[in-house]
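**Student:** Compact mmCIF, C-alpha atoms, file coords_8.txt:
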```
# COMPACT_ATOMS: atom_id res chain seq x y z
CA MET A 135 -260.48 -11.53 -18.76
CA GLN A 136 -259.97 -8.05 -20.23
CA ASN A 137 -258.85 -7.80 -23.86
CA PHE A 138 -256.17 -5.19 -24.57
CA ILE A 139 -255.10 -4.39 -28.14
CA PHE A 140 -251.64 -2.78 -28.28
CA ILE A 141 -250.93 -0.98 -31.56
CA SER A 142 -247.28 -1.10 -32.69
CA PRO A 143 -245.97 -2.88 -29.59
CA ASN A 144 -242.54 -3.25 -31.22
CA PHE A 145 -241.79 0.49 -31.48
CA PRO A 146 -240.40 2.20 -29.54
CA THR A 147 -238.28 -0.84 -28.77
CA ASN A 148 -238.80 -0.56 -25.00
CA TYR A 149 -242.61 -0.69 -25.21
CA TRP A 150 -242.70 -4.47 -24.94
CA GLN A 151 -242.44 -3.82 -21.22
CA PHE A 152 -245.95 -2.32 -21.19
CA CYS A 153 -247.19 -5.56 -22.77
CA ARG A 154 -245.29 -7.72 -20.29
CA GLU A 155 -246.83 -5.99 -17.28
CA LEU A 156 -250.32 -6.16 -18.79
CA LYS A 157 -249.95 -9.89 -19.36
CA ASN A 158 -248.54 -10.36 -15.86
CA ASN A 159 -251.71 -8.67 -14.58
CA GLY A 160 -253.88 -11.24 -16.33
CA LEU A 161 -254.96 -9.29 -19.41
CA ASN A 162 -255.26 -10.83 -22.85
CA VAL A 163 -252.65 -8.79 -24.76
CA LEU A 164 -253.16 -8.63 -28.52
CA GLY A 165 -250.60 -6.88 -30.72
CA ILE A 166 -251.07 -5.28 -34.14
CA GLY A 167 -247.95 -4.19 -36.01
CA ASP A 168 -246.21 -4.13 -39.36
CA GLN A 169 -243.06 -6.03 -38.35
CA PRO A 170 -242.96 -9.75 -39.23
CA TYR A 171 -243.61 -11.92 -36.20
CA GLU A 172 -240.33 -13.78 -36.53
CA GLU A 173 -238.46 -10.45 -36.26
CA LEU A 174 -240.09 -9.41 -32.99
CA LYS A 175 -237.92 -9.40 -29.87
CA PRO A 176 -238.28 -12.65 -27.90
CA GLU A 177 -239.37 -10.58 -24.88
CA LEU A 178 -242.23 -9.07 -26.88
CA LYS A 179 -243.34 -12.42 -28.27
CA ALA A 180 -243.53 -13.75 -24.71
CA SER A 181 -245.59 -10.72 -23.67
CA LEU A 182 -248.33 -11.14 -26.31
CA ASN A 183 -251.16 -13.64 -26.42
CA GLU A 184 -251.45 -13.13 -30.18
CA TYR A 185 -249.95 -10.90 -32.86
CA TYR A 186 -251.57 -9.74 -36.09
CA LYS A 187 -249.21 -8.46 -38.78
CA VAL A 188 -250.48 -5.81 -41.20
CA ASN A 189 -248.64 -4.63 -44.27
CA SER A 190 -248.89 -1.01 -43.13
CA LEU A 191 -250.16 0.62 -39.96
CA GLU A 192 -250.92 3.65 -42.17
CA ASN A 193 -253.68 1.63 -43.90
CA TYR A 194 -256.74 2.19 -41.71
CA ASP A 195 -258.85 -0.48 -43.41
CA GLU A 196 -256.17 -3.08 -42.79
CA VAL A 197 -255.81 -2.17 -39.11
CA TYR A 198 -259.60 -2.04 -38.80
CA ARG A 199 -259.84 -5.61 -40.09
CA ALA A 200 -257.19 -6.69 -37.57
CA VAL A 201 -259.21 -5.22 -34.70
CA ALA A 202 -262.38 -6.83 -36.08
CA PHE A 203 -260.61 -10.20 -36.21
CA PHE A 204 -259.56 -9.93 -32.56
CA ALA A 205 -263.07 -8.82 -31.53
CA PHE A 206 -264.58 -11.81 -33.37
CA LYS A 207 -262.10 -14.26 -31.83
CA TYR A 208 -261.85 -12.93 -28.26
CA GLY A 209 -265.03 -10.91 -27.75
CA ARG A 210 -265.41 -7.33 -26.55
CA ILE A 211 -262.24 -5.22 -26.73
CA ASP A 212 -261.82 -3.38 -23.43
CA TRP A 213 -258.73 -1.30 -24.26
CA LEU A 214 -256.92 -0.15 -27.40
CA GLU A 215 -253.71 1.86 -27.11
CA SER A 216 -250.33 2.53 -28.70
CA ASN A 217 -248.92 5.00 -26.13
CA ASN A 218 -247.50 6.68 -29.24
CA GLU A 219 -248.11 10.28 -30.38
CA TYR A 220 -247.98 9.32 -34.04
CA TRP A 221 -250.94 6.94 -33.71
CA LEU A 222 -253.01 9.03 -31.29
CA GLU A 223 -255.69 9.94 -33.85
CA ARG A 224 -255.68 6.43 -35.31
CA ASP A 225 -256.21 4.95 -31.84
CA ALA A 226 -259.13 7.32 -31.22
CA ALA A 227 -260.75 6.46 -34.57
CA LEU A 228 -260.54 2.73 -33.84
CA ARG A 229 -261.98 3.20 -30.35
CA THR A 230 -264.82 5.24 -31.79
CA ASP A 231 -265.59 2.73 -34.54
CA PHE A 232 -265.51 -0.25 -32.17
CA HIS A 233 -267.23 1.51 -29.23
CA ILE A 234 -264.22 1.12 -26.95
CA THR A 235 -264.98 3.73 -24.29
CA SER A 236 -261.85 3.43 -22.12
CA GLY A 237 -259.89 6.12 -24.00
CA PHE A 238 -260.12 9.25 -26.11
CA GLN A 239 -262.58 9.28 -29.01
CA THR A 240 -262.34 11.07 -32.36
CA SER A 241 -264.37 13.97 -30.96
CA ASP A 242 -261.66 14.53 -28.30
CA MET A 243 -258.83 14.95 -30.80
CA PRO A 244 -258.97 18.70 -31.59
CA ARG A 245 -258.18 19.87 -28.04
CA ILE A 246 -255.34 17.39 -27.57
CA LYS A 247 -253.74 17.42 -31.04
CA TYR A 248 -254.05 21.00 -32.33
CA LYS A 249 -251.65 23.37 -30.64
CA SER A 250 -253.95 26.34 -31.25
CA LYS A 251 -256.88 24.62 -29.52
CA MET A 252 -254.79 23.48 -26.55
CA LYS A 253 -254.37 27.10 -25.48
CA GLU A 254 -258.02 27.48 -24.47
CA TYR A 255 -257.78 24.55 -22.05
CA TYR A 256 -254.48 25.74 -20.62
CA GLN A 257 -256.05 29.15 -20.03
CA LYS A 258 -259.03 27.54 -18.31
CA ALA A 259 -256.50 25.93 -15.98
CA GLY A 260 -255.03 29.36 -15.21
CA ILE A 261 -251.77 28.71 -17.07
CA ALA A 262 -250.26 31.45 -19.25
CA THR A 263 -249.76 30.77 -22.98
CA ALA A 264 -247.70 32.39 -25.72
CA ARG A 265 -249.53 34.65 -28.17
CA TYR A 266 -250.13 33.07 -31.55
CA HIS A 267 -251.31 33.61 -35.11
CA MET A 268 -252.47 31.05 -37.64
CA VAL A 269 -250.18 31.46 -40.64
CA ASP A 270 -251.97 33.06 -43.57
CA ASP A 271 -250.17 35.50 -45.87
CA LEU A 272 -247.18 37.81 -45.58
CA ALA A 273 -249.26 40.79 -44.49
CA GLY A 274 -251.05 38.84 -41.76
CA CYS A 275 -247.84 37.34 -40.43
CA LYS A 276 -246.02 40.68 -40.45
CA ALA A 277 -248.90 42.26 -38.53
CA PHE A 278 -248.47 39.59 -35.82
CA VAL A 279 -244.70 40.09 -35.77
CA ALA A 280 -245.30 43.81 -35.31
CA GLN A 281 -247.07 42.93 -32.05
CA VAL A 282 -244.63 40.37 -30.61
CA GLY A 283 -241.33 41.05 -32.40
CA TYR A 284 -238.80 38.63 -33.86
CA PRO A 285 -237.92 35.84 -33.41
CA VAL A 286 -241.12 33.83 -33.86
CA VAL A 287 -241.58 30.07 -34.04
CA VAL A 288 -243.73 28.37 -36.68
CA LYS A 289 -244.73 24.71 -36.74
CA PRO A 290 -247.61 22.52 -37.92
CA ASP A 291 -250.70 23.09 -35.79
CA ASN A 292 -251.15 19.33 -35.70
CA GLY A 293 -247.59 18.05 -35.56
CA VAL A 294 -245.50 15.45 -33.75
CA GLY A 295 -242.53 16.55 -31.64
CA ALA A 296 -240.28 19.25 -33.11
CA SER A 297 -240.59 18.08 -36.72
CA ASP A 298 -240.91 20.88 -39.29
CA THR A 299 -240.42 23.58 -36.65
CA HIS A 300 -238.81 26.85 -37.73
CA ARG A 301 -237.41 29.82 -35.85
CA LEU A 302 -237.76 32.97 -37.93
CA SER A 303 -235.72 36.05 -37.09
CA SER A 304 -236.31 38.43 -40.01
CA ASP A 305 -238.70 39.39 -42.80
CA LYS A 306 -236.36 37.58 -45.19
CA GLU A 307 -236.68 34.32 -43.26
CA LEU A 308 -240.44 34.80 -43.02
CA LYS A 309 -240.71 35.16 -46.80
CA GLU A 310 -238.53 32.07 -47.28
CA PHE A 311 -240.74 30.07 -44.94
CA LEU A 312 -243.93 31.14 -46.71
CA ALA A 313 -242.39 30.13 -50.04
CA TYR A 314 -241.39 26.75 -48.55
CA LYS A 315 -244.89 26.22 -47.15
CA GLU A 316 -246.54 27.07 -50.45
CA LYS A 317 -244.27 24.69 -52.35
CA GLU A 318 -243.96 21.77 -49.94
CA HIS A 319 -247.01 21.86 -47.64
CA PRO A 320 -249.73 24.08 -49.11
CA ASP A 321 -252.51 22.24 -47.28
CA VAL A 322 -250.86 22.10 -43.84
CA ALA A 323 -252.05 24.58 -41.19
CA TYR A 324 -249.15 26.22 -39.36
CA ILE A 325 -249.22 28.12 -36.10
CA MET A 326 -246.90 31.08 -35.44
CA GLU A 327 -246.04 31.87 -31.82
CA GLU A 328 -244.04 34.49 -30.04
CA PHE A 329 -240.65 33.19 -28.96
CA VAL A 330 -240.41 32.21 -25.30
CA ARG A 331 -236.99 32.46 -23.68
CA ALA A 332 -237.14 29.40 -21.51
CA GLU A 333 -236.17 25.83 -20.80
CA VAL A 334 -238.72 23.05 -21.12
CA ASN A 335 -239.99 21.43 -17.93
CA SER A 336 -242.36 18.48 -18.13
CA TYR A 337 -245.02 16.89 -15.99
CA ASP A 338 -244.99 13.13 -16.52
CA ALA A 339 -247.78 11.28 -14.78
CA ILE A 340 -249.97 8.20 -14.77
CA ILE A 341 -253.60 9.20 -14.35
CA ASP A 342 -256.32 6.85 -13.09
CA ALA A 343 -259.90 6.43 -14.32
CA HIS A 344 -261.07 9.24 -12.03
CA GLY A 345 -258.57 11.77 -13.37
CA ASN A 346 -256.25 11.56 -10.37
CA PRO A 347 -252.46 11.03 -10.59
CA ILE A 348 -251.12 7.80 -9.09
CA PHE A 349 -247.52 8.58 -10.08
CA GLU A 350 -245.76 11.85 -10.92
CA ALA A 351 -242.30 12.84 -12.17
CA GLY A 352 -240.82 15.40 -14.54
CA ASN A 353 -237.91 16.18 -16.80
CA VAL A 354 -235.96 19.26 -17.82
CA SER A 355 -234.67 20.03 -21.35
CA PRO A 356 -232.16 22.90 -21.08
CA VAL A 357 -231.66 22.90 -24.88
CA SER A 358 -234.75 22.95 -27.07
CA ILE A 359 -235.55 19.95 -29.26
CA MET A 360 -236.14 22.44 -32.08
CA ASP A 361 -232.52 23.60 -31.87
CA ILE A 362 -231.17 20.05 -31.56
CA VAL A 363 -233.02 18.96 -34.72
CA ASN A 364 -232.35 22.09 -36.76
CA ASN A 365 -228.68 22.41 -35.75
CA ASP A 366 -227.85 18.69 -35.83
CA ASP A 367 -226.66 19.08 -32.26
CA ASN A 368 -226.04 16.85 -29.27
CA SER A 369 -229.02 16.18 -27.02
CA ILE A 370 -229.41 16.48 -23.27
CA TYR A 371 -232.28 16.27 -20.83
CA TYR A 372 -232.72 14.83 -17.37
CA ILE A 373 -235.33 13.49 -14.99
CA ILE A 374 -235.42 15.94 -12.12
CA LYS A 375 -234.68 14.47 -8.70
CA ASP A 376 -237.79 15.96 -7.11
CA LEU A 377 -240.73 17.49 -8.97
CA PRO A 378 -241.09 21.25 -8.29
CA GLU A 379 -244.39 22.17 -6.70
CA ASP A 380 -245.33 24.68 -9.40
CA THR A 381 -244.81 22.04 -12.13
CA ARG A 382 -246.92 19.59 -10.15
CA ALA A 383 -249.70 22.15 -9.66
CA ALA A 384 -249.72 23.15 -13.33
CA GLY A 385 -249.71 19.51 -14.44
CA ARG A 386 -252.61 18.57 -12.19
CA ALA A 387 -254.62 21.60 -13.30
CA ALA A 388 -254.05 20.71 -16.95
CA VAL A 389 -255.10 17.10 -16.34
CA LYS A 390 -258.45 18.34 -15.02
CA SER A 391 -258.91 20.94 -17.76
CA PHE A 392 -258.19 18.50 -20.61
CA GLY A 393 -260.29 15.73 -19.04
CA VAL A 394 -257.54 13.13 -18.85
CA LYS A 395 -258.40 9.65 -17.56
CA SER A 396 -256.63 6.28 -17.61
CA ARG A 397 -253.49 7.54 -19.34
CA PHE A 398 -249.75 8.01 -19.10
CA VAL A 399 -249.17 11.68 -20.02
CA HIS A 400 -246.29 14.00 -20.84
CA PHE A 401 -247.22 17.69 -20.49
CA GLU A 402 -244.63 20.24 -21.55
CA PHE A 403 -244.24 23.67 -19.96
CA PHE A 404 -241.83 26.51 -20.48
CA ARG A 405 -239.97 27.76 -17.42
CA MET A 406 -239.02 31.29 -18.37
CA THR A 407 -235.33 32.14 -18.16
CA GLU A 408 -235.94 35.89 -18.32
CA ASN A 409 -238.82 38.32 -17.88
CA GLN A 410 -241.26 38.69 -20.78
CA SER A 411 -243.99 41.26 -20.31
CA SER A 412 -246.65 39.31 -22.23
CA MET A 413 -246.27 36.18 -20.08
CA GLY A 414 -244.61 36.95 -16.78
CA LYS A 415 -241.36 36.87 -14.88
CA LYS A 416 -238.28 34.70 -14.92
CA GLY A 417 -238.98 31.30 -13.36
CA GLN A 418 -242.70 31.33 -14.17
CA ILE A 419 -244.40 28.33 -15.75
CA VAL A 420 -245.93 28.90 -19.20
CA ALA A 421 -247.86 26.35 -21.27
CA LEU A 422 -246.18 24.66 -24.24
CA GLU A 423 -248.21 21.61 -25.28
CA VAL A 424 -249.87 18.45 -23.99
CA ASN A 425 -248.88 14.97 -25.09
CA MET A 426 -251.35 12.25 -24.21
CA ARG A 427 -248.73 9.50 -24.07
CA PRO A 428 -245.48 8.73 -22.22
CA CYS A 429 -242.48 10.94 -22.88
CA GLY A 430 -240.70 9.64 -25.96
CA GLY A 431 -237.79 7.31 -26.47
CA PHE A 432 -236.27 5.71 -23.38
CA THR A 433 -237.70 8.22 -20.90
CA PRO A 434 -239.94 5.66 -19.12
CA ASP A 435 -236.78 3.67 -18.29
CA MET A 436 -235.09 6.86 -17.11
CA ILE A 437 -238.02 7.59 -14.81
CA ASP A 438 -237.63 4.09 -13.41
CA PHE A 439 -233.95 4.75 -12.68
CA ALA A 440 -234.71 8.17 -11.17
CA ARG A 441 -237.43 6.86 -8.85
CA SER A 442 -236.24 3.30 -8.20
CA THR A 443 -239.56 1.94 -9.46
CA ASN A 444 -241.30 0.45 -12.53
CA VAL A 445 -243.64 2.82 -14.39
CA TYR A 446 -244.53 0.11 -16.89
CA LYS A 447 -246.05 -1.86 -14.01
CA ILE A 448 -247.66 1.21 -12.44
CA TRP A 449 -249.39 1.94 -15.76
CA ALA A 450 -250.45 -1.69 -16.23
CA ASP A 451 -251.73 -1.81 -12.65
CA MET A 452 -253.83 1.29 -13.37
CA ILE A 453 -255.29 -0.44 -16.44
CA ALA A 454 -255.99 -3.75 -14.70
CA PHE A 455 -256.85 -2.70 -11.14
CA GLY A 456 -257.41 1.07 -11.15
CA GLY A 457 -254.41 1.69 -8.89
CA THR A 458 -251.06 0.28 -7.83
CA ASP A 459 -249.06 -0.85 -4.82
CA MET A 460 -245.75 -0.60 -6.71
CA PRO A 461 -243.28 1.11 -4.36
CA VAL A 462 -241.24 4.19 -5.28
CA GLY A 463 -237.75 4.16 -3.82
CA GLU A 464 -234.79 6.53 -3.53
CA HIS A 465 -234.81 9.53 -5.89
CA TYR A 466 -231.97 10.47 -8.23
CA TYR A 467 -231.21 12.75 -11.13
CA CYS A 468 -231.26 10.64 -14.27
CA ALA A 469 -229.29 12.25 -17.09
CA PHE A 470 -229.56 11.53 -20.82
CA ALA A 471 -226.74 12.57 -23.14
CA GLY A 472 -227.05 11.91 -26.86
CA ARG A 473 -223.81 12.33 -28.80
CA ARG A 474 -224.01 13.24 -32.47
CA ASP A 475 -221.82 11.25 -34.86
CA GLY A 476 -219.11 13.23 -36.65
CA LYS A 477 -218.15 15.48 -33.74
CA SER A 478 -214.68 15.39 -32.19
CA PHE A 479 -215.13 14.51 -28.52
CA VAL A 480 -212.43 14.84 -25.87
CA TYR A 481 -213.31 11.59 -24.08
CA SER A 482 -213.65 8.29 -25.88
CA HIS A 483 -216.50 5.88 -25.25
CA GLU A 484 -214.15 3.62 -23.32
CA GLN A 485 -212.91 6.45 -21.11
CA LEU A 486 -216.47 7.50 -20.27
CA MET A 487 -217.49 3.95 -19.45
CA GLN A 488 -214.52 3.57 -17.13
CA LYS A 489 -215.05 6.87 -15.35
CA TYR A 490 -218.83 6.51 -14.92
CA GLN A 491 -219.19 2.74 -14.69
CA ASP A 492 -220.97 2.97 -11.33
CA ASN A 493 -223.46 5.54 -12.65
CA MET A 494 -224.31 4.21 -16.11
CA ARG A 495 -227.76 2.67 -16.51
CA MET A 496 -228.20 2.48 -20.29
CA VAL A 497 -225.65 2.75 -23.11
CA ASP A 498 -226.71 2.10 -26.68
CA ARG A 499 -227.03 3.34 -30.24
CA ILE A 500 -230.18 5.39 -30.78
CA PRO A 501 -232.65 4.06 -33.39
CA GLU A 502 -232.56 6.05 -36.62
CA ALA A 503 -236.20 7.07 -36.22
CA LEU A 504 -235.31 8.89 -32.97
CA SER A 505 -231.81 10.14 -33.81
CA GLY A 506 -232.89 13.50 -35.22
CA ALA A 507 -234.04 14.66 -31.79
CA MET A 508 -231.81 12.49 -29.59
CA GLY A 509 -228.41 12.08 -31.26
CA ASN A 510 -226.75 8.83 -32.33
CA GLN A 511 -225.07 7.41 -29.22
CA MET A 512 -226.81 7.60 -25.86
CA TYR A 513 -225.58 7.51 -22.31
CA VAL A 514 -228.03 7.37 -19.41
CA ALA A 515 -226.69 7.72 -15.89
CA THR A 516 -227.97 8.47 -12.38
CA PHE A 517 -226.55 10.88 -9.80
CA SER A 518 -227.43 11.91 -6.28
CA THR A 519 -226.50 15.57 -6.77
CA ARG A 520 -226.88 18.15 -9.51
CA ASP A 521 -223.14 18.94 -9.38
CA GLU A 522 -222.29 15.32 -10.21
CA MET A 523 -224.73 15.40 -13.12
CA GLU A 524 -223.28 18.64 -14.51
CA LYS A 525 -219.77 17.16 -14.40
CA PHE A 526 -221.07 14.14 -16.33
CA TYR A 527 -222.55 16.37 -19.03
CA SER A 528 -219.35 18.37 -19.22
CA ASP A 529 -217.29 15.20 -19.77
CA VAL A 530 -219.62 13.43 -22.20
CA LEU A 531 -220.11 16.43 -24.47
CA ALA A 532 -216.64 18.00 -24.23
CA VAL A 533 -215.33 18.64 -27.76
CA THR A 534 -211.93 19.49 -29.21
CA ASP A 535 -212.62 21.91 -32.08
CA ALA A 536 -213.28 25.62 -31.59
CA THR A 537 -216.73 25.73 -33.21
CA ASN A 538 -218.16 23.02 -31.01
CA ALA A 539 -216.33 24.44 -28.00
CA LYS A 540 -218.47 27.55 -28.42
CA VAL A 541 -221.58 25.36 -28.26
CA GLN A 542 -220.15 23.64 -25.19
CA ALA A 543 -219.70 26.99 -23.48
CA GLU A 544 -223.33 27.83 -24.20
CA LEU A 545 -224.41 24.49 -22.73
CA THR A 546 -222.45 25.20 -19.55
CA LYS A 547 -224.20 28.55 -19.31
CA VAL A 548 -227.62 26.91 -19.73
CA LEU A 549 -226.94 24.27 -17.06
CA ALA A 550 -225.90 27.01 -14.66
CA LEU A 551 -229.46 28.34 -14.64
CA GLY A 552 -230.25 26.05 -11.75
CA GLU A 553 -233.71 24.81 -10.88
CA PRO A 554 -236.66 25.80 -8.72
CA GLU A 555 -236.95 24.44 -5.25
CA ALA A 556 -238.83 21.14 -5.07
CA VAL A 557 -241.13 20.05 -2.31
```
Transcribe the structure of this file into structure tokens.
**Tutor:**
Amino acid sequence: MQNFIFISPNFPTNYWQFCRELKNNGLNVLGIGDQPYEELKPELKASLNEYYKVNSLENYDEVYRAVAFFAFKYGRIDWLESNNEYWLERDAALRTDFHITSGFQTSDMPRIKYKSKMKEYYQKAGIATARYHMVDDLAGCKAFVAQVGYPVVVKPDNGVGASDTHRLSSDKELKEFLAYKEKEHPDVAYIMEEFVRAEVNSYDAIIDAHGNPIFEAGNVSPVSIMDIVNNDDNSIYYIIKDLPEDTRAAGRAAVKSFGVKSRFVHFEFFRMTENQSSMGKKGQIVALEVNMRPCGGFTPDMIDFARSTNVYKIWADMIAFGGTDMPVGEHYYCAFAGRRDGKSFVYSHEQLMQKYQDNMRMVDRIPEALSGAMGNQMYVATFSTRDEMEKFYSDVLAVTDATNAKVQAELTKVLALGEPEAV
């Protein structure tokens, strides 16, 4: 029997499903987390063979001792994973220390965690990247701006999601950012990139031990996560009904270049919405960043709804058997809308539920840890056509006051961009 240690199986709250499918496949599933056992969801408890509570997952020595305990009790650990960006380096360190060779090691981290180092591997795959500069002083940053022009985007070189990401549009804002960095994060390395006028398209795939995809999908984010977080805005993104061939090709090339094996991945690309001489023409795919884990939040469930399948099982089948016979059924658009509390919406929750009762797949409050990027109240629904999905977005996010109406008009404009032809 294979031993699988799952780090933080209780968060995100839907990740118990990975554990369930592993256990159903005959693996010994061992959880390590900081939530008291009695507070775990019943479904998670039933999906674990044993759970080890630590006081803090941030304490490496404590987590190390938990892994050592499981290794002593159950023998060789075959797999260790969290499927969580935040713990990616921690997972790699534990694998390295315990000689668990089924996943990334500490030596692999630079190319998959540092945005500046990712660019080399994207370029090897033949995928264009935005020009960049490692933030130093005012003179160095202004010299880079002189090449690419404002606006520029700055963010931690080794960061998670859109946290601490800034769009700078003037020398004044640049000086303010440098002052902020010096005061708040003097030891953090930041990368500055030219601004790409684009929407985000992703390649979401489950990759087998030979580096080949056994399942592929993708999502589209018409509004950037950076803007949603910084502007305290509503959130929208959707699983595309059929993956465009250029996204598929770029994703597969990146998988090979980065040496991905036995993983669920979420690779982000820009699809340019206008011509930019340094990168190419409108519609072209440009690299953004790789994420060696599933797309965040409830996206795995959305992929299930969009493909009439079970990606939790497909992933667990890959771990246990190297492949899967899980069928993929009819394809749909699966739309996520995250409403932000405090806004004046035209349609009440009850009205939306009545109008879209046949389409709704998930309706819930968003956990506080995810609300910055995803809003406070989520609606997930499936549609057969793009027109139906756009009407849904228009209804869910329609607002009554003039300021938000301006934002709504911009959203309508963004959705009207359309999408590339899929094959």
**Student:** Leaving out Ala469 in chain A and any residue of its chain fewer than 4 positions from it, which residues lie within 12 Å of it when counting only C-alpha atoms, given as a VMD selection string?
**Tutor:** chain A and resid 353 to 356 369 to 375 432 to 433 435 to 437 439 to 440 493 to 497 512 to 528 530
**Student:** Identify the residues within 12 Å of coordinate (-239.1, 32.2, -16.8) (same frame as the file), considering all atoms listed in the file, and give the answer as a PyMOL selection string.
**Tutor:** chain A and resi 262+330-335+403-421+551-554
**Student:** Kindly export the residues of the current selection with C-alpha atoms, as a PDB file, keeping the file's coordinate frame.
**Tutor:**
```pdb
ATOM      1  CA  ALA A 262    -250.260  31.450 -19.250  1.00  0.00           C
ATOM      2  CA  VAL A 330    -240.410  32.210 -25.300  1.00  0.00           C
ATOM      3  CA  ARG A 331    -236.990  32.460 -23.680  1.00  0.00           C
ATOM      4  CA  ALA A 332    -237.140  29.400 -21.510  1.00  0.00           C
ATOM      5  CA  GLU A 333    -236.170  25.830 -20.800  1.00  0.00           C
ATOM      6  CA  VAL A 334    -238.720  23.050 -21.120  1.00  0.00           C
ATOM      7  CA  ASN A 335    -239.990  21.430 -17.930  1.00  0.00           C
ATOM      8  CA  PHE A 403    -244.240  23.670 -19.960  1.00  0.00           C
ATOM      9  CA  PHE A 404    -241.830  26.510 -20.480  1.00  0.00           C
ATOM     10  CA  ARG A 405    -239.970  27.760 -17.420  1.00  0.00           C
ATOM     11  CA  MET A 406    -239.020  31.290 -18.370  1.00  0.00           C
ATOM     12  CA  THR A 407    -235.330  32.140 -18.160  1.00  0.00           C
ATOM     13  CA  GLU A 408    -235.940  35.890 -18.320  1.00  0.00           C
ATOM     14  CA  ASN A 409    -238.820  38.320 -17.880  1.00  0.00           C
ATOM     15  CA  GLN A 410    -241.260  38.690 -20.780  1.00  0.00           C
ATOM     16  CA  SER A 411    -243.990  41.260 -20.310  1.00  0.00           C
ATOM     17  CA  SER A 412    -246.650  39.310 -22.230  1.00  0.00           C
ATOM     18  CA  MET A 413    -246.270  36.180 -20.080  1.00  0.00           C
ATOM     19  CA  GLY A 414    -244.610  36.950 -16.780  1.00  0.00           C
ATOM     20  CA  LYS A 415    -241.360  36.870 -14.880  1.00  0.00           C
ATOM     21  CA  LYS A 416    -238.280  34.700 -14.920  1.00  0.00           C
ATOM     22  CA  GLY A 417    -238.980  31.300 -13.360  1.00  0.00           C
ATOM     23  CA  GLN A 418    -242.700  31.330 -14.170  1.00  0.00           C
ATOM     24  CA  ILE A 419    -244.400  28.330 -15.750  1.00  0.00           C
ATOM     25  CA  VAL A 420    -245.930  28.900 -19.200  1.00  0.00           C
ATOM     26  CA  ALA A 421    -247.860  26.350 -21.270  1.00  0.00           C
ATOM     27  CA  LEU A 551    -229.460  28.340 -14.640  1.00  0.00           C
ATOM     28  CA  GLY A 552    -230.250  26.050 -11.750  1.00  0.00           C
ATOM     29  CA  GLU A 553    -233.710  24.810 -10.880  1.00  0.00           C
ATOM     30  CA  PRO A 554    -236.660  25.800  -8.720  1.00  0.00           C
TER      31      PRO A 554
END
```
**Student:** Within 12 Å of Asp338 in chain A, counting all atoms listed in the file, which residues show up once you throw out same-chain ones fewer than 3 positions away? Write them as a ChimeraX atom specification, please.
**Tutor:** /A:335,341,347-354,373-374,377,381-382,384-386,388-389,397-403,424-430,433-434,436-437,445
**Student:** Could you tell me which of A:Ala343, A:Leu272, A:Leu504, A:Val294 comes closest to Phe145 in chain A if we count all atoms listed in the file?
**Tutor:**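 Among the listed residues, the smallest separation from Phe145 in chain A belongs to A:Leu504.
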**Student:** I'd like to know which of A:Pro290, A:Tyr220, A:Asp225, A:Leu182 is closest to Val197 in chain A, using only C-alpha atoms.
**Tutor:**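 Using only C-alpha atoms, Val197 in chain A sits closest to A:Asp225.
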**Student:** CA of Tyr337 in chain A and CA of Gly457 in chain A, how far apart in Å?
**Tutor:**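 Distance reported for this atom pair: 19.2 Å.
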